[in-house]
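Novice: TSV, C-alpha atoms, file structure-v4.tsv:
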chain	number	residue	atom	x	y	z
A	27	MET	CA	137.40	197.64	137.50
A	28	THR	CA	134.42	195.66	137.46
A	29	ASN	CA	132.57	198.69	136.33
A	30	ALA	CA	134.97	199.31	133.53
A	31	ILE	CA	134.71	195.75	132.30
A	32	ALA	CA	130.95	195.94	132.44
A	33	LEU	CA	131.04	199.24	130.57
A	34	LEU	CA	133.29	197.88	127.89
A	35	ALA	CA	131.12	194.81	127.60
A	36	ALA	CA	128.07	197.04	127.27
A	37	GLU	CA	129.67	199.05	124.46
A	38	GLY	CA	130.85	195.94	122.55
A	39	GLU	CA	127.45	194.38	122.76
A	40	GLU	CA	125.92	197.02	120.64
A	41	ASP	CA	128.34	196.50	117.74
A	42	TYR	CA	128.79	192.76	117.95
A	43	ASN	CA	125.86	190.28	117.67
A	44	PRO	CA	126.91	186.77	118.72
A	45	LEU	CA	124.06	185.24	116.68
A	46	LEU	CA	125.19	186.73	113.38
A	47	PRO	CA	128.42	185.40	111.92
A	48	ALA	CA	131.10	187.68	110.66
A	49	THR	CA	130.81	189.09	107.15
A	50	TYR	CA	133.79	187.20	105.81
A	51	ASP	CA	132.19	183.92	107.05
A	52	ILE	CA	128.97	184.73	105.22
A	53	VAL	CA	130.84	185.57	101.98
A	54	TRP	CA	132.96	182.41	102.07
A	55	SER	CA	129.91	180.28	102.90
A	56	ILE	CA	128.02	181.72	99.92
A	57	VAL	CA	131.07	181.07	97.66
A	58	CYS	CA	131.31	177.46	98.92
A	59	VAL	CA	127.57	176.87	98.50
A	60	ALA	CA	127.72	178.38	94.98
A	61	ILE	CA	130.69	176.15	94.02
A	62	ILE	CA	129.06	173.06	95.50
A	63	GLY	CA	125.73	173.98	93.82
A	64	PHE	CA	127.49	174.50	90.48
A	65	LEU	CA	129.33	171.17	90.76
A	66	PHE	CA	126.14	169.46	91.86
A	67	TRP	CA	124.21	171.01	88.96
A	68	LYS	CA	127.01	170.25	86.46
A	69	TYR	CA	127.88	166.66	87.43
A	70	VAL	CA	125.43	165.13	89.89
A	71	VAL	CA	122.10	166.31	88.44
A	72	PRO	CA	122.87	165.03	84.87
A	73	ARG	CA	123.88	161.65	86.21
A	74	PHE	CA	120.82	161.57	88.41
A	75	GLN	CA	118.69	162.53	85.38
A	76	ALA	CA	120.40	159.81	83.30
A	77	VAL	CA	119.71	157.20	85.98
A	78	LEU	CA	116.12	158.36	86.31
A	79	SER	CA	115.55	158.37	82.54
A	80	GLU	CA	117.18	154.92	82.25
A	81	ARG	CA	114.93	153.56	84.97
A	82	SER	CA	111.96	155.26	83.37
A	83	GLU	CA	112.81	153.64	80.03
A	84	LEU	CA	113.26	150.26	81.72
A	85	ILE	CA	109.92	150.60	83.48
A	86	GLU	CA	108.16	151.75	80.30
A	87	GLY	CA	109.87	148.98	78.32
A	88	GLY	CA	108.83	146.47	80.95
A	89	ILE	CA	105.27	147.77	80.81
A	90	LYS	CA	105.30	147.53	76.99
A	91	ARG	CA	106.74	144.03	77.13
A	92	ALA	CA	104.14	143.07	79.73
A	93	GLU	CA	101.36	144.51	77.55
A	94	GLU	CA	102.74	142.67	74.51
A	95	ALA	CA	103.03	139.46	76.51
A	96	GLN	CA	99.50	139.94	77.80
A	97	ALA	CA	98.24	140.51	74.22
A	98	GLU	CA	100.11	137.40	73.05
A	99	ALA	CA	98.69	135.40	75.95
A	100	LYS	CA	95.20	136.65	75.14
A	101	ALA	CA	95.67	135.71	71.47
A	102	ALA	CA	97.02	132.30	72.48
A	103	LEU	CA	94.06	131.82	74.82
A	104	GLU	CA	91.62	132.73	72.05
A	105	GLN	CA	93.44	130.37	69.68
A	106	TYR	CA	93.32	127.64	72.35
A	107	HIS	CA	89.58	128.16	72.81
A	108	ALA	CA	89.07	128.06	69.04
A	109	GLN	CA	91.12	124.86	68.77
A	110	LEU	CA	89.25	123.37	71.71
A	111	ALA	CA	85.90	124.18	70.11
A	112	GLU	CA	87.12	122.74	66.81
A	113	ALA	CA	88.38	119.60	68.57
A	114	ARG	CA	85.05	119.19	70.33
A	115	SER	CA	83.10	119.51	67.11
A	116	GLU	CA	85.52	117.13	65.40
A	117	ALA	CA	85.14	114.65	68.26
A	118	ALA	CA	81.36	114.90	67.99
A	119	GLN	CA	81.60	114.31	64.25
A	120	ILE	CA	83.90	111.31	64.78
A	121	ARG	CA	81.51	109.89	67.38
A	122	GLU	CA	78.60	110.32	64.99
A	123	GLU	CA	80.55	108.67	62.17
A	124	ALA	CA	81.55	105.82	64.49
A	125	ARG	CA	77.94	105.40	65.59
A	126	THR	CA	76.81	105.36	61.95
A	127	GLN	CA	79.54	102.92	60.99
A	128	GLY	CA	78.67	100.76	63.99
A	129	GLN	CA	75.03	100.67	62.94
A	130	ALA	CA	76.07	99.82	59.38
A	131	ILE	CA	78.39	97.07	60.59
A	132	LEU	CA	75.71	95.74	62.91
A	133	THR	CA	73.15	95.74	60.09
A	134	GLU	CA	75.63	94.07	57.76
A	135	MET	CA	76.47	91.45	60.39
A	136	LYS	CA	72.77	90.79	60.97
A	137	GLU	CA	72.22	90.41	57.23
A	138	LYS	CA	75.20	88.06	56.93
A	139	ALA	CA	74.03	86.10	59.95
A	140	GLN	CA	70.52	85.88	58.46
A	141	GLU	CA	71.94	84.77	55.10
A	142	GLU	CA	74.16	82.21	56.83
A	143	SER	CA	71.20	81.03	58.89
A	144	ASP	CA	69.04	80.77	55.78
A	145	ARG	CA	71.82	78.90	53.99
A	146	ILE	CA	72.27	76.52	56.93
A	147	VAL	CA	68.52	75.99	57.17
A	148	ALA	CA	68.29	75.40	53.42
A	149	ALA	CA	71.26	73.02	53.53
A	150	GLY	CA	69.70	71.24	56.50
A	151	HIS	CA	66.33	71.08	54.77
A	152	SER	CA	67.85	69.70	51.57
A	153	GLN	CA	69.87	67.26	53.63
A	154	LEU	CA	66.73	66.21	55.50
A	155	VAL	CA	64.84	65.79	52.21
A	156	ALA	CA	67.71	63.71	50.81
A	157	GLN	CA	67.91	61.61	53.98
A	158	ARG	CA	64.13	61.21	54.00
A	159	GLN	CA	64.20	60.12	50.36
A	160	GLN	CA	67.02	57.69	51.10
A	161	ILE	CA	65.21	56.31	54.15
A	162	VAL	CA	61.95	56.03	52.22
A	163	THR	CA	63.78	54.20	49.41
A	164	GLU	CA	65.45	51.85	51.90
A	165	LEU	CA	62.22	51.31	53.77
A	166	ARG	CA	60.34	50.62	50.53
A	167	GLY	CA	62.91	48.05	49.56
A	168	ASP	CA	62.82	46.45	53.02
A	169	LEU	CA	59.06	46.72	53.20
A	170	GLY	CA	58.73	45.25	49.72
A	171	ARG	CA	60.88	42.24	50.55
A	172	THR	CA	59.07	41.75	53.81
A	173	ALA	CA	55.74	42.02	52.02
A	174	VAL	CA	56.83	39.48	49.40
A	175	GLU	CA	58.05	37.12	52.08
A	176	LEU	CA	54.78	37.51	53.95
A	177	ALA	CA	52.80	37.08	50.77
A	178	GLU	CA	54.72	33.94	49.89
A	179	LYS	CA	53.99	32.56	53.31
A	180	VAL	CA	50.33	33.51	53.07
A	181	ILE	CA	49.84	32.32	49.51
A	182	GLY	CA	52.09	29.40	49.90
A	183	GLU	CA	53.75	29.76	46.56
A	184	GLN	CA	56.84	31.49	45.53
A	185	LEU	CA	56.69	34.78	43.74
A	186	SER	CA	59.86	34.29	41.85
A	187	ASP	CA	58.97	36.27	38.84
A	188	ASP	CA	60.73	39.61	39.22
A	189	ALA	CA	58.18	41.48	37.14
A	190	LYS	CA	55.32	40.14	39.23
A	191	ARG	CA	57.22	40.79	42.37
A	192	ALA	CA	58.03	44.41	41.37
A	193	SER	CA	54.42	45.15	40.34
A	194	SER	CA	53.08	43.62	43.56
A	195	ILE	CA	55.49	45.66	45.64
A	196	ASP	CA	54.69	48.87	43.80
A	197	ARG	CA	50.94	48.30	44.14
A	198	PHE	CA	51.31	47.54	47.83
A	199	LEU	CA	53.42	50.65	48.44
A	200	ASN	CA	51.00	52.87	46.50
A	201	GLU	CA	48.14	51.56	48.60
A	202	LEU	CA	50.21	52.15	51.70
A	203	ASP	CA	50.99	55.73	50.56
A	204	SER	CA	47.33	56.46	49.92
A	205	VAL	CA	46.39	55.14	53.36
A	206	THR	CA	49.15	57.23	54.95
A	207	ALA	CA	48.09	60.35	53.04
A	208	ASP	CA	44.44	59.83	54.05
A	209	SER	CA	45.36	59.47	57.71
A	210	ALA	CA	47.66	62.52	57.55
A	211	SER	CA	44.92	64.69	56.02
A	212	GLY	CA	42.58	63.69	58.80
A	213	LYS	CA	40.13	61.35	56.90
As a first step, turn the structure in this file into structure tokens.

Specialist:
Amino acid sequence: MTNAIALLAAEGEEDYNPLLPATYDIVWSIVCVAIIGFLFWKYVVPRFQAVLSERSELIEGGIKRAEEAQAEAKAALEQYHAQLAEARSEAAQIREEARTQGQAILTEMKEKAQEESDRIVAAGHSQLVAQRQQIVTELRGDLGRTAVELAEKVIGEQLSDDAKRASSIDRFLNELDSVTADSASGK
């Protein structure tokens, strides 16, 4: 019996391969794979393509927006540099104008100060001349009276005549002026 079982097993081995599935399994597997492939191709692949194309459009749109933003930023930077250069030149011009105006104001102030100084000096000089004239007039009067009093004491008579007195005083003062002028000129 053991031989018969071994013989039967040897005969069945030639017809039946345990590694190969049965024909009906292969057919049904191919049908299932074809159905799954068809459904995959009909429903899954289009959705996958839609998602991929949507992502592709988003990425490309993002890239375009980024390029546009970069171009705008570059334009804004160039505009900023242009405005900065313009502001610098304007600031230099304003500084130059301020310097020129400052010099003009300084010159004007110096001129006004010089005019005021000249006016004050002239007013002081005229005031000094007036005071000197007043003092000389007062001194002449005092000196004339003193001279008359001294002359009366020296002569011993009274010089009561106003005309004589005035002519004597004037003569005395003229002599005094000539002596003063000679000593001032160094003679």

Novice: How many Å lie between atom CA of A:Ala99 and atom CA of A:Glu86, rounded to one decimal?

Specialist: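 Distance reported for this atom pair: 19.4 Å.
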
Novice: To one decimal place, how far is atom CA of A:Gln159 from atom CA of A:Asp203 in Å?

Specialist: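 About the pair atom CA of A:Gln159 and atom CA of A:Asp203: they are 13.9 Å apart.
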
Novice: Between atom CA of A:Thr206 and atom CA of A:Val162, what is the distance in Å, rounded to a tenth?

Specialist: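 Separation between atom CA of A:Thr206 and atom CA of A:Val162: 13.1 Å.
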
Novice: What would the list of residues within 10 Å of (56.5, 50.3, 48.3) (file frame) look like as a VMD selection string, if all atoms listed in the file are what count?

Specialist: chain A and resid 162 to 171 173 192 to 203

Novice: With 8 Å on each side, where is the centre of the axis-aligned box around all listed atoms of stretch 123-131 of chain A, and how long are its edges in Å to one decimal, as JSON?

Specialist:
{"center_x": 78.3, "center_y": 102.9, "center_z": 62.5, "size_x": 22.5, "size_y": 27.6, "size_z": 22.2}
